Amino acid sequence: MKISSFTQIGIATLALTGLLAGCGNTSSTSGTSPKATASSTLVVDEDSDPSTLDPGLQYNTESYTVYRNIFDNLLHRDPKTEKIVPWIATSWKQQSPTTWVFTIRKGVKFQNGESLTANDVAFSLQRILNPSLNSPQLSNFSAVKSVSASGDTVTITTAQPDPTLLNELVTLSIVPEQYIKAHGNQYFNLHPVGSGPYEFVSWVQGSSVTLKANPHYWGGEPSIKNVEFRSVPNDATRIADLQSGKADIAFPITPSDVSTVKRDSALQVLSVPTERVAYLAFNALGNTPTKSVLVRQAIAYGIDYKGLISSLEDGHAQPVKEVLTPIAFGYDNHVAGYSYNPTKAKELLKEAGYPNGLTLDFDTSPSYDQRVVQAIQAELGQIGIKVKIDNMDQSTYLEKVQSPSHNWGSIRMGLWSCACMDADGTIYPLFHSGTVWSSYSNPKFDAAVTAARTTTNTAARLADYQQAFNILQQDVPGVGLWQVDALYGATKNLQWTPDAQENFFVQDMKLQ
Amino acid sequence: MWWYVLKRILQAIVSILGVSTIVFFILHLSSNPVLLMVPPNASAHDIAVLTHSLGLDKPLWVQYLNFLRSLSEGNLGYSYVQSQPALSILLQRLPFTLELACTAFVLSLVIGIPIGMLTAFFRGTWIERLLMPLVLIGQSMPAFWTGILLILLMSVVLKWLPSSGAGGIQSLVLPAVTLASLSMATIARMTRSSFIEELDKEYVKTARSKGAKTFRIMVQHIMRNASIPIVTIVGLEIANLFGGSVVTETIFAWPGVGALTIQSITARDFPVVQAIVLFVSIVYIVINLITELLYVWIDPRIQLGGAKSV
């Protein structure tokens with residue numbers, strides 16, 4: 001039988017198509033995305049999928065935002081007062097400058113029914129400290145020398161007095177020791193069990209994580225019964241999801257999207273000043289003009305901070321006097337700070353030996369708002385500094401600016417939050433001469449910030465930071481641009497007050 | 001022919017090895033993924049410890065030999081960031097890309113080929129003037145623009161279809177149309193030029209003079225002769241679609257291989273990127289082989305592996 005050419009072509013095409021095994025029929029694995037029709041489901045658009053749901057591993061925002069709802073942390077920061085309050089630890093005592101004893105809450109159960117004990121708390125910290133887990137969080141707890149459990153108490157010893165230990169323990173999630181030992185780390189990451197307000201339901205990787213309320217939660221069953229965290233990388237799509245009702249809350253949103261959200265009568269913008277500071281850091285050690293303190297001062301005077309806040313950040317930012325936000329411990333309000341003064345900037349440049357201006361490299365990556373970088377380029381152009389922007393991807397950028405040779409450009413922009421509300425988490429890693437970020441060295445500054453991190457005496461620490469900020473004001477290894485606002489787009493049905501630490505606790509939210 | 005297939009499979013293994021070697025070195029020379037993994041306050045010591053623990057401080061050639069050894073055992077490594085085997089991460093994303101690619105492929109075929117045939121046959125008429133701009137738009141609108149416009153119209157204004165995510169047929173429509181628009185245009189243009197070339201040939205005139213119907217001429221007479229270049233371009237389009245579309249998947253928050261690619265490259269998650277590249281190169285090689293075998297099926301005069309002398 002002769003096959004007609006049409007049939008033959010048809011078969012050929014079908015053959016090509018048919019070879020693609022697994023075509024179609026994936027809807028069963030993709031699951032359904034329950035739309036927030038019932039007011040008991042909250043749909044959250046994040047810009048990325050969590051890397052892990054094991055709280056001992058990744059600490060990036062997209063992972064933490066999700067898993068923090070499944071787990072309880074040892075301590076908690078009250079979102080209203082920003083004070084550290086009891087959570088899984090009901091009380092704590094500093095027995096000696098390096099020994100802390102925590103009493104663990106009784107009657108807390110993990111979602112699999114097992115009781116949460118002091119052993120689980122000790123285990124949660126020990127596994128992060130154990131190098132074989134390869135936990136990126138190890139740096140947060142590198143001051144801890146040992147941790148042990150006895151009865152309902154946990155004792156943590158630090159190598160030297162550590163004033164920010166409690167701040168770090170606010171981020172320590174408590175995991176079930178028996179469950180992890182029985183199933184292994186890999187299984188635990190995909191099937192997390194915690195003691196928190198929400199239970200894990202499912203995770204379609206790259207797409208969404210679904211949680212449901214834990215009816216036996218020790219703090220009371222949360223009001224929102226189901227949560228779906230979706231991963232939506234595109235900014236415009238997150239806004240479209242809000243407008244079309246697909247999502248109830250979306251973040252991050254850019255300052256330029258704020259007006260779009262505000263125009264929609266069904267939506268609201270939730271915002272709060274955070275402990276994140278936008279700043280410029282200068283290369284004071286490399287072979288570049290910013291070696292000169294006069295050039296650094298000139299740059300600090302050459303930027304119109306208020307103008308940038310109103311034009312680029314749409315007013316969603318607050319001026320700062322230093323590279324720290326006013327809500328962090330150690331912020332010194334007595335420092336003069338820098339404000340826009342182009343005449344003074346030009347004088348300083350002349351004094352530094354650049355009467356005809358100079359050229360500087362601005363190293364940056366797409367992780368930082370390029371509009372800000374370009375606006376600063378334009379402003380420095382006004383005072384005679386020609387800025388060349390060198391834009392590279394984030395990992396290349398880190399490799400370059402963190403190189404011990406200080407062989408990078410002259411200026412970089414940064415956004416910094418230590419999530420610890422303490423100057424130690426910001427100016428120590430940014431400007432102490434021994435850290436990866438610092439391209440600045442001043443023994444007096446080093447001594448002050450080191451003293452502040454090795455005593456738990458609050459008054460002494462404040463005095464140290466006062467001294468440190470006075471040095472920074474003079475030396476200008478970096479300049480604070482503004483305090484960043486966290487911006488969330490949400491449906492008007494959502495009641496929630498975001499906090500300065502950018503926490504995302506669904507148990508604090510209500511849907512009408 | 002079997003000898004030819006065997007030879008091509010051997011060639012494929014060499015190509016895949018070459019591709020994975022190049023990707024291995026490009027990635028490992030690009031920068032240290034640990035810098036992106038640690039919290040910002042990490043010290044140089046913390047970074048060194050984690051780098052050592054992941055084996056990234058070993059000499060590059062040692063890392064390369066380890067990579068080859070694992071590869072020969074079928075082990076694609078363990079994701080630095082996601083704490084799972086790279087292969088299982090890829091396999092979780094694959095069904096989504098297949099679903100989207102199949103739909104887009106079928107769409108581009110059933111729209112592209114008829115448009116190509118019509119515009120070839122009705123050259124100079126209003127049909128061509130109506131359809132060719134559509135093809136042009138499909139070819140020249142970038143996916144990030146088409147995608148956002150479709151979301152605005154169909155989801156935000158009309159609220160007919162979901163704006164993002166994967167779940168059910170409805171959510172498939174917008175990304176599939178966005179993805180198909182470029183392939184559709186390519187296939188339509190190739191079909192059109194291929195048909196135009198055949199239309200002037202003698203056998204078409206003969207068929208016409210015998211009174212054959214236009215449809216019959218198009219489908220039975222011209223299709224077979226015009227199909228070689230079409231099959232070639234269709235094969236390439238499939239390979240493109242199956243590699244996962246980075247842009248379309250990102251816009252529609254579609255959890256496929258394309259979105260995974262961009263995510264893993266940004267995080268310098270070497271094992272996952274290597275797994276994806278290996279997969280995509282295998283797709284290209286297999287589809288090219290199938291396309292060549294189809295040539296013989298369509299036109300028996302074609303001899304694979306060099307024609308024998310007559």
# chains A, B, ... in the order shown; residues from 1 in each chain; ligands from 1
$ residues_around --residues "range 226-243 of chain B" --least-positions-apart "3" --cutoff "6 Å" --atoms "only C-alpha atoms" --output "list in words"
Ala101, Thr191, Ser194, Phe195, Ile222, Met223, Val280 and Tyr284 of chain B
$ residues_around --residues "Thr178 in chain B" --least-positions-apart "4" --cutoff "8 Å" --atoms "only C-alpha atoms" --output "list in words"
Ala143, Thr146, Gly147, Leu174, Leu182 and Thr248 of chain B
$ residues_around --residues "range 105-119 of chain A" --least-positions-apart "5" --cutoff "9 Å" --atoms "only C-alpha atoms" --output "MDAnalysis selection string"
chainID A and resid 71 87:91 124 148:154 174:179 193:196 198:199 214 216:218
$ residues_around --residues "Leu267 in chain A" --least-positions-apart "2" --cutoff "7 Å" --atoms "only C-alpha atoms" --output "ChimeraX atom specification"
/A:261-262,264-265,490-492
$ write_last_selection --atoms "all heavy atoms" --output "compact mmCIF listing (two decimals), in the first residue's frame"
# COMPACT_ATOMS: atom_id res chain seq x y z
N VAL A 261 0.45 50.32 42.59
CA VAL A 261 -0.32 49.62 43.62
C VAL A 261 -1.29 50.59 44.29
O VAL A 261 -2.46 50.25 44.52
CB VAL A 261 0.64 48.99 44.66
CG1 VAL A 261 -0.15 48.37 45.80
CG2 VAL A 261 1.52 47.93 44.01
N LYS A 262 -0.81 51.82 44.54
CA LYS A 262 -1.67 52.79 45.22
C LYS A 262 -2.88 53.17 44.38
O LYS A 262 -3.94 53.48 44.92
CB LYS A 262 -0.86 54.04 45.57
CG LYS A 262 -0.04 53.88 46.84
CD LYS A 262 0.65 55.18 47.20
CE LYS A 262 1.43 55.03 48.49
NZ LYS A 262 2.45 56.08 48.63
N ASP A 264 -4.62 51.31 42.53
CA ASP A 264 -5.63 50.25 42.50
C ASP A 264 -6.42 50.28 43.82
O ASP A 264 -5.84 50.09 44.89
CB ASP A 264 -4.92 48.91 42.31
CG ASP A 264 -5.88 47.80 41.96
OD1 ASP A 264 -6.98 47.76 42.56
OD2 ASP A 264 -5.55 46.97 41.10
N SER A 265 -7.74 50.47 43.71
CA SER A 265 -8.52 50.67 44.93
C SER A 265 -8.59 49.40 45.79
O SER A 265 -8.92 49.46 46.96
CB SER A 265 -9.93 51.12 44.56
OG SER A 265 -10.53 50.12 43.75
N ALA A 490 -0.14 44.67 48.80
CA ALA A 490 -1.06 43.68 49.36
C ALA A 490 -2.50 44.06 49.07
O ALA A 490 -2.81 45.22 48.77
CB ALA A 490 -0.86 43.58 50.87
N THR A 491 -3.37 43.07 49.16
CA THR A 491 -4.80 43.34 49.05
C THR A 491 -5.24 44.11 50.29
O THR A 491 -4.67 43.95 51.37
CB THR A 491 -5.60 42.03 48.91
OG1 THR A 491 -6.90 42.25 49.42
CG2 THR A 491 -4.98 40.90 49.70
N LYS A 492 -6.28 44.92 50.13
CA LYS A 492 -6.76 45.71 51.28
C LYS A 492 -7.35 44.83 52.36
O LYS A 492 -7.55 45.26 53.49
CB LYS A 492 -7.78 46.74 50.80
CG LYS A 492 -7.10 47.94 50.16
CD LYS A 492 -7.85 49.23 50.40
CE LYS A 492 -7.02 50.42 49.96
NZ LYS A 492 -7.70 51.29 49.01
$ atom_distance --atom1 "CA of Leu60 in chain B" --atom2 "CA of Gln58 in chain A"
26.1 Å
$ select_by_dssp --residues "range 243-473 of chain A" --states "strand (DSSP E)" --output "VMD selection string"
chain A and resid 249 to 250 267 to 282 317 to 318 358 to 364 385 to 391 411 to 416
$ closest_residue --among "B:Leu17, B:Ile22, B:Cys102, B:Ile113" --to "chain A" --atoms "only C-alpha atoms"
B:Cys102
$ residues_around --residues "Phe469 in chain A" --least-positions-apart "3" --cutoff "8 Å" --atoms "only C-alpha atoms" --output "PDB file with all heavy atoms, in the first residue's frame"
ATOM      1  N   GLU A 322      25.075  58.120  59.388  1.00  0.00           N
ATOM      2  CA  GLU A 322      26.235  57.226  59.305  1.00  0.00           C
ATOM      3  C   GLU A 322      25.824  55.950  58.590  1.00  0.00           C
ATOM      4  O   GLU A 322      24.678  55.818  58.155  1.00  0.00           O
ATOM      5  CB  GLU A 322      26.789  56.951  60.708  1.00  0.00           C
ATOM      6  CG  GLU A 322      25.722  56.517  61.685  1.00  0.00           C
ATOM      7  CD  GLU A 322      25.876  57.165  63.070  1.00  0.00           C
ATOM      8  OE1 GLU A 322      26.069  58.389  63.177  1.00  0.00           O
ATOM      9  OE2 GLU A 322      25.790  56.419  64.033  1.00  0.00           O
ATOM     10  N   ASP A 332      24.827  56.702  66.513  1.00  0.00           N
ATOM     11  CA  ASP A 332      25.220  57.909  67.244  1.00  0.00           C
ATOM     12  C   ASP A 332      24.594  59.132  66.591  1.00  0.00           C
ATOM     13  O   ASP A 332      24.981  59.531  65.497  1.00  0.00           O
ATOM     14  CB  ASP A 332      26.749  58.018  67.236  1.00  0.00           C
ATOM     15  CG  ASP A 332      27.218  59.167  68.114  1.00  0.00           C
ATOM     16  OD1 ASP A 332      26.358  59.897  68.649  1.00  0.00           O
ATOM     17  OD2 ASP A 332      28.435  59.317  68.260  1.00  0.00           O
ATOM     18  N   VAL A 335      26.774  62.632  65.802  1.00  0.00           N
ATOM     19  CA  VAL A 335      27.682  62.815  64.667  1.00  0.00           C
ATOM     20  C   VAL A 335      27.038  63.775  63.669  1.00  0.00           C
ATOM     21  O   VAL A 335      25.823  63.757  63.477  1.00  0.00           O
ATOM     22  CB  VAL A 335      27.959  61.437  64.019  1.00  0.00           C
ATOM     23  CG1 VAL A 335      28.613  61.593  62.664  1.00  0.00           C
ATOM     24  CG2 VAL A 335      28.825  60.599  64.936  1.00  0.00           C
ATOM     25  N   TYR A 465      31.224  52.844  70.469  1.00  0.00           N
ATOM     26  CA  TYR A 465      30.640  53.151  69.156  1.00  0.00           C
ATOM     27  C   TYR A 465      30.651  54.650  68.871  1.00  0.00           C
ATOM     28  O   TYR A 465      30.799  55.065  67.723  1.00  0.00           O
ATOM     29  CB  TYR A 465      29.232  52.559  69.021  1.00  0.00           C
ATOM     30  CG  TYR A 465      29.295  51.069  68.794  1.00  0.00           C
ATOM     31  CD1 TYR A 465      28.542  50.186  69.565  1.00  0.00           C
ATOM     32  CD2 TYR A 465      30.137  50.546  67.826  1.00  0.00           C
ATOM     33  CE1 TYR A 465      28.637  48.816  69.373  1.00  0.00           C
ATOM     34  CE2 TYR A 465      30.239  49.176  67.636  1.00  0.00           C
ATOM     35  CZ  TYR A 465      29.482  48.315  68.405  1.00  0.00           C
ATOM     36  OH  TYR A 465      29.597  46.975  68.200  1.00  0.00           O
ATOM     37  N   GLN A 466      30.498  55.440  69.948  1.00  0.00           N
ATOM     38  CA  GLN A 466      30.582  56.890  69.760  1.00  0.00           C
ATOM     39  C   GLN A 466      31.956  57.250  69.177  1.00  0.00           C
ATOM     40  O   GLN A 466      32.063  57.996  68.196  1.00  0.00           O
ATOM     41  CB  GLN A 466      30.424  57.573  71.109  1.00  0.00           C
ATOM     42  CG  GLN A 466      29.405  58.685  71.089  1.00  0.00           C
ATOM     43  CD  GLN A 466      29.034  59.109  72.502  1.00  0.00           C
ATOM     44  OE1 GLN A 466      29.873  59.114  73.400  1.00  0.00           O
ATOM     45  NE2 GLN A 466      27.784  59.467  72.688  1.00  0.00           N
ATOM     46  N   LEU A 472      34.843  57.436  61.881  1.00  0.00           N
ATOM     47  CA  LEU A 472      34.289  57.225  60.536  1.00  0.00           C
ATOM     48  C   LEU A 472      33.858  58.545  59.904  1.00  0.00           C
ATOM     49  O   LEU A 472      34.014  58.757  58.704  1.00  0.00           O
ATOM     50  CB  LEU A 472      33.092  56.260  60.582  1.00  0.00           C
ATOM     51  CG  LEU A 472      33.384  54.811  60.977  1.00  0.00           C
ATOM     52  CD1 LEU A 472      32.109  53.971  60.885  1.00  0.00           C
ATOM     53  CD2 LEU A 472      34.470  54.196  60.094  1.00  0.00           C
ATOM     54  N   GLN A 473      33.326  59.454  60.736  1.00  0.00           N
ATOM     55  CA  GLN A 473      32.892  60.759  60.226  1.00  0.00           C
ATOM     56  C   GLN A 473      34.090  61.503  59.631  1.00  0.00           C
ATOM     57  O   GLN A 473      33.989  62.124  58.579  1.00  0.00           O
ATOM     58  CB  GLN A 473      32.271  61.574  61.375  1.00  0.00           C
ATOM     59  CG  GLN A 473      32.052  63.049  61.071  1.00  0.00           C
ATOM     60  CD  GLN A 473      30.862  63.288  60.144  1.00  0.00           C
ATOM     61  OE1 GLN A 473      30.032  62.410  59.950  1.00  0.00           O
ATOM     62  NE2 GLN A 473      30.784  64.479  59.552  1.00  0.00           N
TER      63      GLN A 473
END
$ closest_residue --among "B:Gly112, B:Pro85, B:Pro300, B:Pro175" --to "Phe144 in chain B" --atoms "only C-alpha atoms"
B:Pro175
$ decode --residues "range 115-135 of chain B" --atoms "N, CA, C and O atoms" --output "short mmCIF file (atom, residue, chain, number, x, y, z; two decimals), in the first residue's frame"
data_model
loop_
_atom_site.label_atom_id
_atom_site.label_comp_id
_atom_site.auth_asym_id
_atom_site.auth_seq_id
_atom_site.Cartn_x
_atom_site.Cartn_y
_atom_site.Cartn_z
N ILE B 115 -0.19 28.91 7.82
CA ILE B 115 0.06 30.31 7.44
C ILE B 115 1.10 30.36 6.33
O ILE B 115 0.96 31.08 5.34
N GLY B 116 2.14 29.56 6.48
CA GLY B 116 3.19 29.51 5.47
C GLY B 116 2.64 29.09 4.12
O GLY B 116 2.93 29.69 3.08
N MET B 117 1.77 28.06 4.12
CA MET B 117 1.20 27.56 2.86
C MET B 117 0.30 28.61 2.22
O MET B 117 0.37 28.87 1.01
N LEU B 118 -0.55 29.21 3.04
CA LEU B 118 -1.51 30.20 2.52
C LEU B 118 -0.78 31.41 1.93
O LEU B 118 -1.09 31.86 0.83
N THR B 119 0.21 31.91 2.68
CA THR B 119 0.89 33.12 2.19
C THR B 119 1.71 32.81 0.95
O THR B 119 1.96 33.70 0.14
N ALA B 120 2.13 31.54 0.79
CA ALA B 120 2.88 31.18 -0.42
C ALA B 120 1.91 31.11 -1.61
O ALA B 120 2.18 31.65 -2.69
N PHE B 121 0.79 30.48 -1.39
CA PHE B 121 -0.13 30.24 -2.50
C PHE B 121 -0.85 31.52 -2.91
O PHE B 121 -1.08 31.76 -4.10
N PHE B 122 -1.20 32.32 -1.92
CA PHE B 122 -1.93 33.56 -2.23
C PHE B 122 -1.01 34.76 -2.20
O PHE B 122 -1.34 35.80 -1.65
N ARG B 123 0.16 34.58 -2.80
CA ARG B 123 1.11 35.69 -2.86
C ARG B 123 0.49 36.89 -3.54
O ARG B 123 -0.18 36.74 -4.57
N GLY B 124 0.68 38.08 -2.97
CA GLY B 124 0.19 39.30 -3.61
C GLY B 124 -1.28 39.58 -3.37
O GLY B 124 -1.81 40.58 -3.84
N THR B 125 -1.97 38.71 -2.65
CA THR B 125 -3.39 38.97 -2.40
C THR B 125 -3.57 39.52 -0.98
O THR B 125 -2.62 39.63 -0.21
N TRP B 126 -4.83 39.82 -0.64
CA TRP B 126 -5.11 40.37 0.68
C TRP B 126 -4.79 39.34 1.78
O TRP B 126 -4.47 39.71 2.90
N ILE B 127 -4.84 38.08 1.45
CA ILE B 127 -4.53 37.04 2.47
C ILE B 127 -3.09 37.20 2.93
O ILE B 127 -2.79 37.18 4.12
N GLU B 128 -2.19 37.38 1.97
CA GLU B 128 -0.80 37.56 2.34
C GLU B 128 -0.62 38.85 3.14
O GLU B 128 0.08 38.88 4.15
N ARG B 129 -1.31 39.91 2.64
CA ARG B 129 -1.15 41.21 3.33
C ARG B 129 -1.70 41.16 4.75
O ARG B 129 -1.27 41.91 5.62
N LEU B 130 -2.64 40.26 5.00
CA LEU B 130 -3.21 40.13 6.34
C LEU B 130 -2.30 39.28 7.25
O LEU B 130 -2.06 39.62 8.41
N LEU B 131 -1.80 38.18 6.68
CA LEU B 131 -1.08 37.22 7.52
C LEU B 131 0.38 37.56 7.75
O LEU B 131 0.91 37.31 8.84
N MET B 132 1.03 38.13 6.73
CA MET B 132 2.47 38.37 6.89
C MET B 132 2.82 39.32 8.05
O MET B 132 3.79 39.08 8.77
N PRO B 133 2.03 40.39 8.25
CA PRO B 133 2.33 41.23 9.42
C PRO B 133 2.26 40.45 10.74
O PRO B 133 3.06 40.67 11.65
N LEU B 134 1.32 39.49 10.81
CA LEU B 134 1.22 38.67 12.03
C LEU B 134 2.53 37.91 12.26
O LEU B 134 3.05 37.83 13.36
N VAL B 135 3.04 37.34 11.16
CA VAL B 135 4.28 36.60 11.25
C VAL B 135 5.41 37.52 11.69
O VAL B 135 6.22 37.20 12.55
#
